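Here's the structure we're looking at; comments come further down.
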Amino acid sequence: MNNILVFCETQNGHLKRSSQELLQKGAKSGHKVFALLLGSSSTAAPECAHHGAKVVLTAKSPALDQYNSELYLAALDAACETSNPSVILAATSSSAKDLFPRFAAKKNLGLVSDGIALTLQGDEVLVTKPLYAGKCFAQASFENSQIKIVLMRPNQLPVDHANSSLTAEVTDLQVPQLDLSTIVKEVVKGASEKLDLTEANIIVAGGRGFKEAANFKLLNELASVLGATVGATRAVVDEGWVSHSMQVGQTGKTVAPTLYIAVGISGAIQHLAGMSGSKVIVAINNDPSAPIFQKATYGIVGDLFSVLPALTEEFRKILKA
Amino acid sequence: MKIFVCLKQVPDTDTRIKIQGDLASIDANGIKWIVSPYDLYAIEEAIKIRESNPGTQVYVITAGPKPRASEALITALAMGADEGILINVAQPLDANQTAKALAATIKSEGGAKSENGARLILTGRSSGDYNQSSVAQMLAEYLEIPHATVISKLQFSPDSVLVERDIEGGAKEVIQLKLPAVISTNKGLNSPRYSSLPGIMKAKKKTIKEIDFTILGVSAEDFKVKYSNFTLPPDKPAARLISGDVPSQVSQLVKVLRDEAKVL
Ligand SMILES: Cc1cc2nc3c(=O)[nH]c(=O)nc-3n(C[C@H](O)[C@H](O)[C@H](O)COP(=O)(O)OP(=O)(O)OC[C@H]3O[C@@H](n4cnc5c(N)ncnc54)[C@H](O)[C@@H]3O)c2cc1C
């Protein structure tokens, strides 16, 4: 049995689904799981235990409430000293993607990012990941690396029910004071309080078929009925209808929801690069030869301006029932 | 002042990928190579900073096989970069080896700690091939300077930069970094210029210095991640089209999503 350290993240005080996935994966593989919770997220320690952590490492300094690359690096260092892991798991969040490559270089370790499947068997760690914007897949393995660091995309691993009878030992880490070269001045909130596209379970996305920015309200209505996050193509981002944070694709976000509804989107290869990992894809487009229908699971050939409002109504009816 | 831009050559975004017989790499035949899209924002930003800071030199560096990888440097020189450095290496490097090779090269050009060394190092936030999003942070570690990634706004002053980093939900961290630093660029930072014909003519006269990878001191132990068992995505049947009038289409769709796909 080896030790696995899981870098855990919270939203509104609760453990993110992506962290639950990794804790459960570690626990199921028979290793001893250490969870790391920095700053105010330490209140989620019991939740970490419910998902399989045997030890929860916290560092309660308020300086860690907000991501800072230098402070988090020091905290991670302390966590590794205490947990002595052979594997570190994290989700491909904005913090983890910033932090772990630097840590890997500092400690002379290997790192694989963007994993979609993970094998943890004995000492073996194998990661499946998409390459070339999802145009092929490969298996990544580690060499010359004492600790193996894996960053997994959210929504790739199953989450079973939490077991609220499980408990964990909690240890508070000492993180050294640092003279910082990097200072986070403020965090400007985004337009959306919804789950980020990269973590969303349902995404409704719109393209140039909407004709103008104001018509995106049809999509927002569908999103609020489904509790979905709204995405868009580069074409409409470049038009200035929506912000770049909503762009899905090769030069936007890579998403992997359970359900992706593409409306008025042609299905250009650079868009598909960002969403072809979705479990179920629905396409609504008035052109039956649009390439999106080659990738979709279900399709409706029709005018979005009549299909979309009707679909929103239908979901509203069904989900209320 | 020196600004370094590290860039990578990758297959064009609409290239079809084929796999080699050994399943350990892609078949390079027939591939059109481009500068990785996010690197274009790094090149553009470097040129913009030079335009408002006279006396600045913009160096572009890539590690890759000659002559192919020189094309990526020529693209950047045609956009307006001043000088190119090609780290000539035939075999593919992993992110760690790349960062080590870049750090060694930058050190040989004055490093990041000296007066005539690098003030700012820019690179794209991820590459269009292996998408590890790692080289910027690793390079910063090897040069012992701060970093910030996924930057869509940058305000330059000689001793520090104020940047906006894109995080979840459209939110942004506003970060101040002491220079020198490594910054990885996101879309939204600027609109990369095209390389004009006169730009391309000029680029042909600019210097591309060649460095042999083997002299940079990157060892076999620096290789950390091996890729194997390449596969293409499985063929998917085309969409099941749902016919009928609109009311019946939407009710059928919701039904299959709930009962068959079980995603609601
Ligand atoms: C280097 C590079 C990177 C790129 N990165 C990205 C990226 O990250 N993300 C991305 O999305 N794109 C990206 N692109 C752009 C991409 O190639 C396409 O141009 C873009 O995805 C097209 O967006 P669209 O589907 O909204 O528009 P279009 O291709 O114009 O498609 C609009 C669709 O709407 C349909 N339509 C029109 N009216 C209606 C109606 N009334 N009802 C129903 N359907 C209707 C049309 O039939 C059409 O299929 C990139 C391109 C390059 C070169």
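By order in the structure tokens, chains are A, B, ...; within a chain, residues start at 1; ligands start at 1, following the order shown.
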When you get a sec, could you note down which chain A residues fall within 6 Å of chain B, using only C-alpha atoms, as a VMD selection string? chain A and resid 94 101 to 102 105 110 113 131 to 132 136 to 144 181 to 190 192 196 245 293 to 294 296 to 300 311
Would you mind exporting the chosen residues as a short mmCIF file (atom, residue, chain, number, x, y, z; two decimals), in the first residue's frame, restricted to C-alpha atoms?
data_model
loop_
_atom_site.label_atom_id
_atom_site.label_comp_id
_atom_site.auth_asym_id
_atom_site.auth_seq_id
_atom_site.Cartn_x
_atom_site.Cartn_y
_atom_site.Cartn_z
CA SER A 94 -6.91 26.78 -12.88
CA PRO A 101 4.16 21.92 -13.12
CA ARG A 102 6.27 24.27 -11.01
CA ALA A 105 10.22 20.99 -11.77
CA GLY A 110 6.99 13.81 -13.71
CA SER A 113 -2.07 16.74 -17.18
CA LEU A 131 -3.52 14.55 -27.72
CA TYR A 132 -3.73 16.93 -30.67
CA CYS A 136 -5.99 10.92 -30.91
CA PHE A 137 -5.45 9.37 -27.50
CA ALA A 138 -2.36 7.97 -25.82
CA GLN A 139 -1.30 6.28 -22.66
CA ALA A 140 1.12 8.25 -20.53
CA SER A 141 3.46 6.54 -18.07
CA PHE A 142 6.16 7.90 -15.79
CA GLU A 143 9.93 7.55 -15.84
CA ASN A 144 12.55 8.87 -13.43
CA SER A 181 7.35 38.19 -5.71
CA THR A 182 3.79 37.41 -6.80
CA ILE A 183 0.91 39.28 -5.20
CA VAL A 184 -2.73 38.66 -5.96
CA LYS A 185 -4.26 42.14 -5.76
CA GLU A 186 -7.88 41.16 -6.21
CA VAL A 187 -10.18 38.64 -7.77
CA VAL A 188 -12.69 40.08 -10.22
CA LYS A 189 -15.83 38.00 -10.22
CA GLY A 190 -17.11 36.57 -13.49
CA SER A 192 -21.61 33.64 -13.99
CA ASP A 196 -17.41 26.55 -14.75
CA SER A 245 -14.53 32.60 -20.89
CA PHE A 293 -24.56 15.80 -36.87
CA GLN A 294 -21.62 13.42 -37.48
CA ALA A 296 -23.90 14.11 -32.17
CA THR A 297 -25.82 11.33 -30.48
CA TYR A 298 -29.22 12.84 -31.26
CA GLY A 299 -30.14 15.51 -33.75
CA ILE A 300 -33.04 17.75 -34.65
CA LEU A 311 -37.59 22.37 -25.95
#
Could you produce a table of the residues of chain A lying within 8 Å of ligand 1, with the nearest pair of atoms per residue and their separation in Å rounded to one decimal, using only C-alpha atoms and all ligand atoms, ordered by chain and increasing residue number, as CSV?
residue,atom,partner,partner_atom_place_in_ligand_line,distance
A:Gly206,CA,ligand 1,26 (O),6.7
A:Gly207,CA,ligand 1,26 (O),3.1
A:Arg208,CA,ligand 1,26 (O),3.8
A:Gly209,CA,ligand 1,37 (C),3.4
A:Phe210,CA,ligand 1,38 (N),6.4
A:Lys211,CA,ligand 1,38 (N),6.9
A:Ala232,CA,ligand 1,11 (O),6.6
A:Thr233,CA,ligand 1,11 (O),3.3
A:Arg234,CA,ligand 1,10 (C),4.0
A:Ala235,CA,ligand 1,23 (O),4.4
A:Val236,CA,ligand 1,26 (O),5.9
A:Gln247,CA,ligand 1,9 (N),5.9
A:Val248,CA,ligand 1,9 (N),5.0
A:Gly249,CA,ligand 1,8 (O),3.2
A:Gln250,CA,ligand 1,8 (O),3.9
A:Thr251,CA,ligand 1,8 (O),3.6
A:Gly252,CA,ligand 1,8 (O),4.3
A:Lys253,CA,ligand 1,8 (O),7.1
A:Val263,CA,ligand 1,44 (N),6.5
A:Gly264,CA,ligand 1,34 (O),3.6
A:Ile265,CA,ligand 1,25 (O),3.5
A:Ser266,CA,ligand 1,49 (O),3.3
A:Gly267,CA,ligand 1,25 (O),5.6
A:Ala268,CA,ligand 1,21 (O),4.9
A:Ile269,CA,ligand 1,17 (O),6.4
A:Gln270,CA,ligand 1,6 (C),4.6
A:His271,CA,ligand 1,11 (O),3.9
A:Leu272,CA,ligand 1,11 (O),7.6
A:Ala273,CA,ligand 1,8 (O),7.7
A:Gly274,CA,ligand 1,8 (O),6.8
A:Ile284,CA,ligand 1,43 (C),6.0
A:Asn285,CA,ligand 1,44 (N),3.6
A:Asn286,CA,ligand 1,43 (C),4.2
A:Asp287,CA,ligand 1,47 (O),4.4
A:Pro288,CA,ligand 1,47 (O),7.9
A:Ala290,CA,ligand 1,49 (O),5.1
A:Pro291,CA,ligand 1,49 (O),7.7
A:Ile292,CA,ligand 1,49 (O),7.8
A:Val301,CA,ligand 1,43 (C),7.6
A:Gly302,CA,ligand 1,43 (C),5.9
A:Asp303,CA,ligand 1,42 (N),3.7
A:Leu304,CA,ligand 1,42 (N),3.8
A:Phe305,CA,ligand 1,41 (N),5.9
Backbone-only DSSP, alpha helix (DSSP H) members of stretch 45-204 of chain A, as a JSON list (two decimals) with all heavy atoms, in the first residue's frame:
[["chain", "number", "residue", "atom", "x", "y", "z"],
["A", 45, "ALA", "N", -13.16, 19.25, 5.68],
["A", 45, "ALA", "CA", -12.41, 18.05, 6.12],
["A", 45, "ALA", "C", -13.32, 16.83, 6.33],
["A", 45, "ALA", "O", -12.98, 15.74, 5.86],
["A", 45, "ALA", "CB", -11.60, 18.37, 7.38],
["A", 46, "PRO", "N", -14.48, 16.99, 7.02],
["A", 46, "PRO", "CA", -15.34, 15.80, 7.19],
["A", 46, "PRO", "C", -15.78, 15.21, 5.85],
["A", 46, "PRO", "O", -15.80, 13.99, 5.68],
["A", 46, "PRO", "CB", -16.54, 16.34, 7.97],
["A", 46, "PRO", "CG", -16.05, 17.59, 8.64],
["A", 46, "PRO", "CD", -15.01, 18.16, 7.74],
["A", 47, "GLU", "N", -16.10, 16.09, 4.88],
["A", 47, "GLU", "CA", -16.51, 15.60, 3.56],
["A", 47, "GLU", "C", -15.39, 14.77, 2.91],
["A", 47, "GLU", "O", -15.67, 13.78, 2.23],
["A", 47, "GLU", "CB", -16.85, 16.77, 2.63],
["A", 47, "GLU", "CG", -18.26, 17.30, 2.78],
["A", 47, "GLU", "CD", -18.52, 18.39, 1.75],
["A", 47, "GLU", "OE1", -18.70, 18.07, 0.57],
["A", 47, "GLU", "OE2", -18.52, 19.57, 2.14],
["A", 48, "CYS", "N", -14.15, 15.21, 3.09],
["A", 48, "CYS", "CA", -13.03, 14.45, 2.52],
["A", 48, "CYS", "C", -13.01, 13.03, 3.09],
["A", 48, "CYS", "O", -12.78, 12.07, 2.37],
["A", 48, "CYS", "CB", -11.71, 15.13, 2.82],
["A", 48, "CYS", "SG", -11.48, 16.67, 1.93],
["A", 49, "ALA", "N", -13.26, 12.95, 4.39],
["A", 49, "ALA", "CA", -13.30, 11.63, 5.04],
["A", 49, "ALA", "C", -14.42, 10.78, 4.45],
["A", 49, "ALA", "O", -14.23, 9.60, 4.14],
["A", 49, "ALA", "CB", -13.49, 11.80, 6.54],
["A", 50, "HIS", "N", -15.59, 11.38, 4.25],
["A", 50, "HIS", "CA", -16.74, 10.63, 3.71],
["A", 50, "HIS", "C", -16.45, 10.06, 2.32],
["A", 50, "HIS", "O", -17.04, 9.10, 1.90],
["A", 50, "HIS", "CB", -17.98, 11.52, 3.65],
["A", 50, "HIS", "CG", -18.37, 12.10, 4.98],
["A", 50, "HIS", "ND1", -19.22, 13.18, 5.11],
["A", 50, "HIS", "CD2", -18.02, 11.73, 6.23],
["A", 50, "HIS", "CE1", -19.35, 13.47, 6.40],
["A", 50, "HIS", "NE2", -18.64, 12.60, 7.10],
["A", 69, "SER", "N", 0.60, 31.35, -6.25],
["A", 69, "SER", "CA", 1.49, 30.27, -6.69],
["A", 69, "SER", "C", 2.61, 30.02, -5.68],
["A", 69, "SER", "O", 2.94, 28.87, -5.40],
["A", 69, "SER", "CB", 2.05, 30.57, -8.08],
["A", 69, "SER", "OG", 2.70, 31.82, -8.09],
["A", 70, "GLU", "N", 3.18, 31.07, -5.10],
["A", 70, "GLU", "CA", 4.32, 30.87, -4.20],
["A", 70, "GLU", "C", 3.89, 30.26, -2.87],
["A", 70, "GLU", "O", 4.53, 29.36, -2.34],
["A", 70, "GLU", "CB", 5.04, 32.19, -3.98],
["A", 70, "GLU", "CG", 5.68, 32.71, -5.26],
["A", 70, "GLU", "CD", 6.30, 34.09, -5.10],
["A", 70, "GLU", "OE1", 7.03, 34.32, -4.14],
["A", 70, "GLU", "OE2", 6.01, 34.96, -5.95],
["A", 71, "LEU", "N", 2.77, 30.77, -2.32],
["A", 71, "LEU", "CA", 2.31, 30.25, -1.03],
["A", 71, "LEU", "C", 1.81, 28.81, -1.16],
["A", 71, "LEU", "O", 2.05, 27.96, -0.30],
["A", 71, "LEU", "CB", 1.18, 31.13, -0.48],
["A", 71, "LEU", "CG", 1.61, 32.55, -0.07],
["A", 71, "LEU", "CD1", 0.39, 33.40, 0.27],
["A", 71, "LEU", "CD2", 2.56, 32.47, 1.12],
["A", 72, "TYR", "N", 1.10, 28.54, -2.26],
["A", 72, "TYR", "CA", 0.59, 27.18, -2.46],
["A", 72, "TYR", "C", 1.73, 26.19, -2.68],
["A", 72, "TYR", "O", 1.66, 25.04, -2.27],
["A", 72, "TYR", "CB", -0.41, 27.15, -3.62],
["A", 72, "TYR", "CG", -1.83, 27.41, -3.18],
["A", 72, "TYR", "CD1", -2.15, 28.50, -2.38],
["A", 72, "TYR", "CD2", -2.87, 26.55, -3.55],
["A", 72, "TYR", "CE1", -3.45, 28.74, -1.96],
["A", 72, "TYR", "CE2", -4.18, 26.78, -3.14],
["A", 72, "TYR", "CZ", -4.47, 27.87, -2.35],
["A", 72, "TYR", "OH", -5.76, 28.10, -1.94],
["A", 73, "LEU", "N", 2.79, 26.67, -3.32],
["A", 73, "LEU", "CA", 3.96, 25.81, -3.54],
["A", 73, "LEU", "C", 4.56, 25.41, -2.19],
["A", 73, "LEU", "O", 4.89, 24.24, -1.96],
["A", 73, "LEU", "CB", 4.99, 26.57, -4.38],
["A", 73, "LEU", "CG", 6.06, 25.76, -5.09],
["A", 73, "LEU", "CD1", 5.44, 24.86, -6.15],
["A", 73, "LEU", "CD2", 7.07, 26.69, -5.76],
["A", 74, "ALA", "N", 4.67, 26.37, -1.30],
["A", 74, "ALA", "CA", 5.23, 26.09, 0.03],
["A", 74, "ALA", "C", 4.31, 25.14, 0.81],
["A", 74, "ALA", "O", 4.78, 24.21, 1.48],
["A", 74, "ALA", "CB", 5.42, 27.39, 0.79],
["A", 75, "ALA", "N", 3.00, 25.35, 0.70],
["A", 75, "ALA", "CA", 2.04, 24.49, 1.41],
["A", 75, "ALA", "C", 2.09, 23.06, 0.87],
["A", 75, "ALA", "O", 2.05, 22.09, 1.62],
["A", 75, "ALA", "CB", 0.64, 25.06, 1.28],
["A", 76, "LEU", "N", 2.20, 22.96, -0.45],
["A", 76, "LEU", "CA", 2.26, 21.65, -1.08],
["A", 76, "LEU", "C", 3.52, 20.90, -0.65],
["A", 76, "LEU", "O", 3.51, 19.69, -0.39],
["A", 76, "LEU", "CB", 2.23, 21.83, -2.60],
["A", 76, "LEU", "CG", 2.24, 20.58, -3.46],
["A", 76, "LEU", "CD1", 1.04, 19.69, -3.14],
["A", 76, "LEU", "CD2", 2.22, 20.97, -4.94],
["A", 77, "ASP", "N", 4.59, 21.64, -0.56],
["A", 77, "ASP", "CA", 5.85, 21.08, -0.10],
["A", 77, "ASP", "C", 5.69, 20.50, 1.31],
["A", 77, "ASP", "O", 6.09, 19.35, 1.58],
["A", 77, "ASP", "CB", 6.88, 22.22, -0.05],
["A", 77, "ASP", "CG", 8.24, 21.77, -0.52],
["A", 77, "ASP", "OD1", 8.45, 20.55, -0.60],
["A", 77, "ASP", "OD2", 9.08, 22.64, -0.79],
["A", 78, "ALA", "N", 5.07, 21.27, 2.19],
["A", 78, "ALA", "CA", 4.83, 20.82, 3.56],
["A", 78, "ALA", "C", 3.94, 19.58, 3.57],
["A", 78, "ALA", "O", 4.16, 18.63, 4.32],
["A", 78, "ALA", "CB", 4.21, 21.94, 4.38],
["A", 79, "ALA", "N", 2.92, 19.58, 2.72],
["A", 79, "ALA", "CA", 1.98, 18.45, 2.65],
["A", 79, "ALA", "C", 2.70, 17.18, 2.20],
["A", 79, "ALA", "O", 2.43, 16.08, 2.68],
["A", 79, "ALA", "CB", 0.83, 18.77, 1.71],
["A", 80, "CYS", "N", 3.64, 17.32, 1.27],
["A", 80, "CYS", "CA", 4.39, 16.15, 0.78],
["A", 80, "CYS", "C", 5.33, 15.61, 1.84],
["A", 80, "CYS", "O", 5.48, 14.41, 1.99],
["A", 80, "CYS", "CB", 5.19, 16.52, -0.46],
["A", 80, "CYS", "SG", 4.21, 16.35, -1.93],
["A", 81, "GLU", "N", 5.95, 16.50, 2.58],
["A", 81, "GLU", "CA", 6.82, 16.08, 3.68],
["A", 81, "GLU", "C", 6.04, 15.21, 4.67],
["A", 81, "GLU", "O", 6.52, 14.19, 5.14],
["A", 81, "GLU", "CB", 7.34, 17.32, 4.44],
["A", 81, "GLU", "CG", 8.37, 18.13, 3.67],
["A", 81, "GLU", "CD", 9.68, 17.37, 3.53],
["A", 81, "GLU", "OE1", 10.14, 16.84, 4.54],
["A", 81, "GLU", "OE2", 10.21, 17.31, 2.39],
["A", 82, "THR", "N", 4.82, 15.65, 4.97],
["A", 82, "THR", "CA", 4.01, 14.96, 5.96],
["A", 82, "THR", "C", 3.43, 13.65, 5.43],
["A", 82, "THR", "O", 3.34, 12.67, 6.15],
["A", 82, "THR", "CB", 2.86, 15.88, 6.43],
["A", 82, "THR", "OG1", 3.42, 17.13, 6.81],
["A", 82, "THR", "CG2", 2.08, 15.28, 7.59],
["A", 83, "SER", "N", 3.00, 13.65, 4.17],
["A", 83, "SER", "CA", 2.26, 12.49, 3.66],
["A", 83, "SER", "C", 3.13, 11.51, 2.89],
["A", 83, "SER", "O", 2.71, 10.38, 2.64],
["A", 83, "SER", "CB", 1.10, 12.96, 2.78],
["A", 83, "SER", "OG", 1.58, 13.71, 1.68],
["A", 94, "SER", "N", -7.86, 25.71, -12.54],
["A", 94, "SER", "CA", -6.91, 26.78, -12.88],
["A", 94, "SER", "C", -5.78, 26.84, -11.86],
["A", 94, "SER", "O", -4.64, 27.10, -12.22],
["A", 94, "SER", "CB", -7.64, 28.12, -12.98],
["A", 94, "SER", "OG", -8.16, 28.49, -11.74],
["A", 95, "SER", "N", -6.07, 26.56, -10.58],
["A", 95, "SER", "CA", -5.01, 26.59, -9.58],
["A", 95, "SER", "C", -4.04, 25.43, -9.77],
["A", 95, "SER", "O", -2.82, 25.62, -9.79],
["A", 95, "SER", "CB", -5.58, 26.49, -8.16],
["A", 95, "SER", "OG", -6.57, 27.45, -7.96],
["A", 96, "ALA", "N", -4.59, 24.22, -9.90],
["A", 96, "ALA", "CA", -3.73, 23.04, -9.99],
["A", 96, "ALA", "C", -2.86, 23.10, -11.25],
["A", 96, "ALA", "O", -1.68, 22.74, -11.22],
["A", 96, "ALA", "CB", -4.57, 21.77, -9.98],
["A", 97, "LYS", "N", -3.44, 23.57, -12.34],
["A", 97, "LYS", "CA", -2.66, 23.64, -13.59],
["A", 97, "LYS", "C", -1.51, 24.63, -13.48],
["A", 97, "LYS", "O", -0.49, 24.50, -14.13],
["A", 97, "LYS", "CB", -3.56, 23.98, -14.77],
["A", 97, "LYS", "CG", -4.24, 22.73, -15.29],
["A", 97, "LYS", "CD", -5.26, 22.88, -16.37],
["A", 97, "LYS", "CE", -5.17, 23.91, -17.38],
["A", 97, "LYS", "NZ", -6.30, 23.84, -18.33],
["A", 98, "ASP", "N", -1.70, 25.66, -12.66],
["A", 98, "ASP", "CA", -0.65, 26.64, -12.45],
["A", 98, "ASP", "C", 0.43, 26.11, -11.50],
["A", 98, "ASP", "O", 1.62, 26.31, -11.70],
["A", 98, "ASP", "CB", -1.26, 27.92, -11.87],
["A", 98, "ASP", "CG", -0.27, 29.07, -11.81],
["A", 98, "ASP", "OD1", -0.08, 29.74, -12.84],
["A", 98, "ASP", "OD2", 0.34, 29.28, -10.74],
["A", 99, "LEU", "N", -0.03, 25.43, -10.47],
["A", 99, "LEU", "CA", 0.84, 25.03, -9.36],
["A", 99, "LEU", "C", 1.73, 23.82, -9.64],
["A", 99, "LEU", "O", 2.94, 23.83, -9.38],
["A", 99, "LEU", "CB", -0.06, 24.73, -8.15],
["A", 99, "LEU", "CG", 0.57, 24.12, -6.91],
["A", 99, "LEU", "CD1", 1.53, 25.11, -6.27],
["A", 99, "LEU", "CD2", -0.53, 23.73, -5.91],
["A", 100, "PHE", "N", 1.12, 22.73, -10.13],
["A", 100, "PHE", "CA", 1.83, 21.46, -10.14],
["A", 100, "PHE", "C", 3.02, 21.38, -11.10],
["A", 100, "PHE", "O", 4.02, 20.73, -10.77],
["A", 100, "PHE", "CB", 0.85, 20.30, -10.33],
["A", 100, "PHE", "CG", 0.13, 19.99, -9.04],
["A", 100, "PHE", "CD1", -1.14, 20.48, -8.80],
["A", 100, "PHE", "CD2", 0.75, 19.24, -8.06],
["A", 100, "PHE", "CE1", -1.78, 20.24, -7.59],
["A", 100, "PHE", "CE2", 0.12, 18.98, -6.85],
["A", 100, "PHE", "CZ", -1.15, 19.48, -6.62],
["A", 101, "PRO", "N", 2.96, 21.99, -12.28],
["A", 101, "PRO", "CA", 4.16, 21.92, -13.12],
["A", 101, "PRO", "C", 5.37, 22.54, -12.44],
["A", 101, "PRO", "O", 6.49, 22.03, -12.54],
["A", 101, "PRO", "CB", 3.75, 22.71, -14.37],
["A", 101, "PRO", "CG", 2.27, 22.55, -14.44],
["A", 101, "PRO", "CD", 1.82, 22.60, -13.00],
["A", 102, "ARG", "N", 5.15, 23.63, -11.71],
["A", 102, "ARG", "CA", 6.27, 24.27, -11.01],
["A", 102, "ARG", "C", 6.78, 23.34, -9.91],
["A", 102, "ARG", "O", 7.99, 23.18, -9.72],
["A", 102, "ARG", "CB", 5.83, 25.61, -10.43],
["A", 102, "ARG", "CG", 6.96, 26.30, -9.73],
["A", 102, "ARG", "CD", 7.05, 27.77, -10.03],
["A", 102, "ARG", "NE", 8.39, 28.22, -9.70],
["A", 102, "ARG", "CZ", 8.85, 29.42, -9.98],
["A", 102, "ARG", "NH1", 8.09, 30.28, -10.64],
["A", 102, "ARG", "NH2", 10.07, 29.76, -9.65],
["A", 103, "PHE", "N", 5.86, 22.73, -9.19],
["A", 103, "PHE", "CA", 6.25, 21.79, -8.13],
["A", 103, "PHE", "C", 7.04, 20.62, -8.73],
["A", 103, "PHE", "O", 8.04, 20.18, -8.18],
["A", 103, "PHE", "CB", 5.00, 21.30, -7.41],
["A", 103, "PHE", "CG", 5.29, 20.44, -6.23],
["A", 103, "PHE", "CD1", 5.80, 20.98, -5.07],
["A", 103, "PHE", "CD2", 5.06, 19.07, -6.28],
["A", 103, "PHE", "CE1", 6.07, 20.19, -3.97],
["A", 103, "PHE", "CE2", 5.33, 18.27, -5.18],
["A", 103, "PHE", "CZ", 5.84, 18.83, -4.02],
["A", 104, "ALA", "N", 6.56, 20.11, -9.86],
["A", 104, "ALA", "CA", 7.23, 18.98, -10.53],
["A", 104, "ALA", "C", 8.67, 19.36, -10.86],
["A", 104, "ALA", "O", 9.60, 18.59, -10.62],
["A", 104, "ALA", "CB", 6.47, 18.57, -11.78],
["A", 105, "ALA", "N", 8.87, 20.56, -11.41],
["A", 105, "ALA", "CA", 10.22, 20.99, -11.77],
["A", 105, "ALA", "C", 11.08, 21.15, -10.52],
["A", 105, "ALA", "O", 12.22, 20.73, -10.47],
["A", 105, "ALA", "CB", 10.16, 22.29, -12.56],
["A", 106, "LYS", "N", 10.49, 21.73, -9.50],
["A", 106, "LYS", "CA", 11.24, 21.98, -8.25],
["A", 106, "LYS", "C", 11.73, 20.68, -7.62],
["A", 106, "LYS", "O", 12.82, 20.60, -7.09],
["A", 106, "LYS", "CB", 10.31, 22.72, -7.29],
["A", 106, "LYS", "CG", 10.94, 23.12, -5.99],
["A", 106, "LYS", "CD", 9.95, 23.94, -5.16],
["A", 106, "LYS", "CE", 10.39, 23.89, -3.73],
["A", 106, "LYS", "NZ", 10.25, 25.10, -3.01],
["A", 107, "LYS", "N", 10.87, 19.64, -7.70],
["A", 107, "LYS", "CA", 11.18, 18.38, -7.02],
["A", 107, "LYS", "C", 11.68, 17.30, -7.98],
["A", 107, "LYS", "O", 11.76, 16.13, -7.60],
["A", 107, "LYS", "CB", 9.92, 17.86, -6.31],
["A", 107, "LYS", "CG", 9.42, 18.78, -5.22],
["A", 107, "LYS", "CD", 10.35, 18.67, -4.02],
["A", 107, "LYS", "CE", 9.86, 19.53, -2.88],
["A", 107, "LYS", "NZ", 10.79, 19.48, -1.76]]
Fewer than 4 positions away in the same chain doesn't count, so skip those; otherwise give me all residues within 12 Å of A:Ser86, counting only C-alpha atoms, as an mmCIF file with C-alpha atoms, in the first residue's frame.
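selection_15.cif written:
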data_model
loop_
_atom_site.group_PDB
_atom_site.id
_atom_site.type_symbol
_atom_site.label_atom_id
_atom_site.label_comp_id
_atom_site.auth_asym_id
_atom_site.auth_seq_id
_atom_site.Cartn_x
_atom_site.Cartn_y
_atom_site.Cartn_z
ATOM 1 C CA MET A 1 0.000 0.000 0.000
ATOM 2 C CA ASN A 2 1.249 3.458 -0.916
ATOM 3 C CA ASN A 3 0.215 6.927 0.127
ATOM 4 C CA ILE A 4 -1.752 9.110 -2.256
ATOM 5 C CA LEU A 5 -2.091 12.840 -1.767
ATOM 6 C CA VAL A 6 -5.206 14.455 -3.271
ATOM 7 C CA GLY A 26 -7.529 6.694 -4.492
ATOM 8 C CA HIS A 31 -3.949 3.066 -1.066
ATOM 9 C CA LYS A 32 -3.922 5.331 1.979
ATOM 10 C CA VAL A 33 -5.477 8.629 0.928
ATOM 11 C CA PHE A 34 -4.352 11.994 2.302
ATOM 12 C CA CYS A 80 4.390 16.155 0.780
ATOM 13 C CA GLU A 81 6.821 16.083 3.678
ATOM 14 C CA LEU A 109 9.122 14.849 -10.756
ATOM 15 C CA GLY A 110 6.985 13.814 -13.709
ATOM 16 C CA LEU A 120 -3.601 2.864 -10.164
ATOM 17 C CA GLY A 122 0.268 -1.504 -7.170
ATOM 18 C CA ASP A 123 3.091 0.815 -8.164
ATOM 19 C CA GLU A 124 1.812 1.257 -11.692
ATOM 20 C CA VAL A 125 0.284 4.571 -12.723
ATOM 21 C CA PHE A 142 6.156 7.898 -15.787
ATOM 22 C CA SER A 145 9.900 10.148 -11.066
ATOM 23 C CA GLN A 146 9.751 9.393 -7.352
ATOM 24 C CA ILE A 147 6.286 10.921 -7.030
ATOM 25 C CA LYS A 148 3.903 10.692 -9.959
ATOM 26 C CA ILE A 149 1.644 13.718 -10.413
ATOM 27 C CA VAL A 150 -1.610 13.296 -12.334
#
Contacts of A:Thr312 at 10 Å or less, counting only C-alpha atoms, minus same-chain residues fewer than 4 places along, as number ranges by chain? A: 218-226, 307-308, 316-317; B: 250, 254
Neighbour list for B:Thr62 as a list in words, cut-off 8 Å, only C-alpha atoms, skip fewer than 4 positions in-chain: Cys6, Leu7, Lys8, Gln9, Ala69, Ala72, Leu73, Ile85, Leu86 and Ile87 of chain B
Can you list, as a PyMOL selection string, every residue of stretch 32-211 of chain B that DSSP puts in strand (DSSP E or B)? chain B and resi 33-35+57-64+83-88+118-124+147-156+160-166+172-178+181-185+208-211
Within 12 Å of B:Lys205 using only C-alpha atoms, minus same-chain residues under 2 positions, as an MDAnalysis selection string: chainID B and resid 74 77:78 82:84 198:203 207:208
May I have the residues within 9 Å of B:Ala118 as a PyMOL selection string, using only C-alpha atoms and disregarding those fewer than 5 positions away in the same chain? chain B and resi 1-4+106-107+109-113+180-181
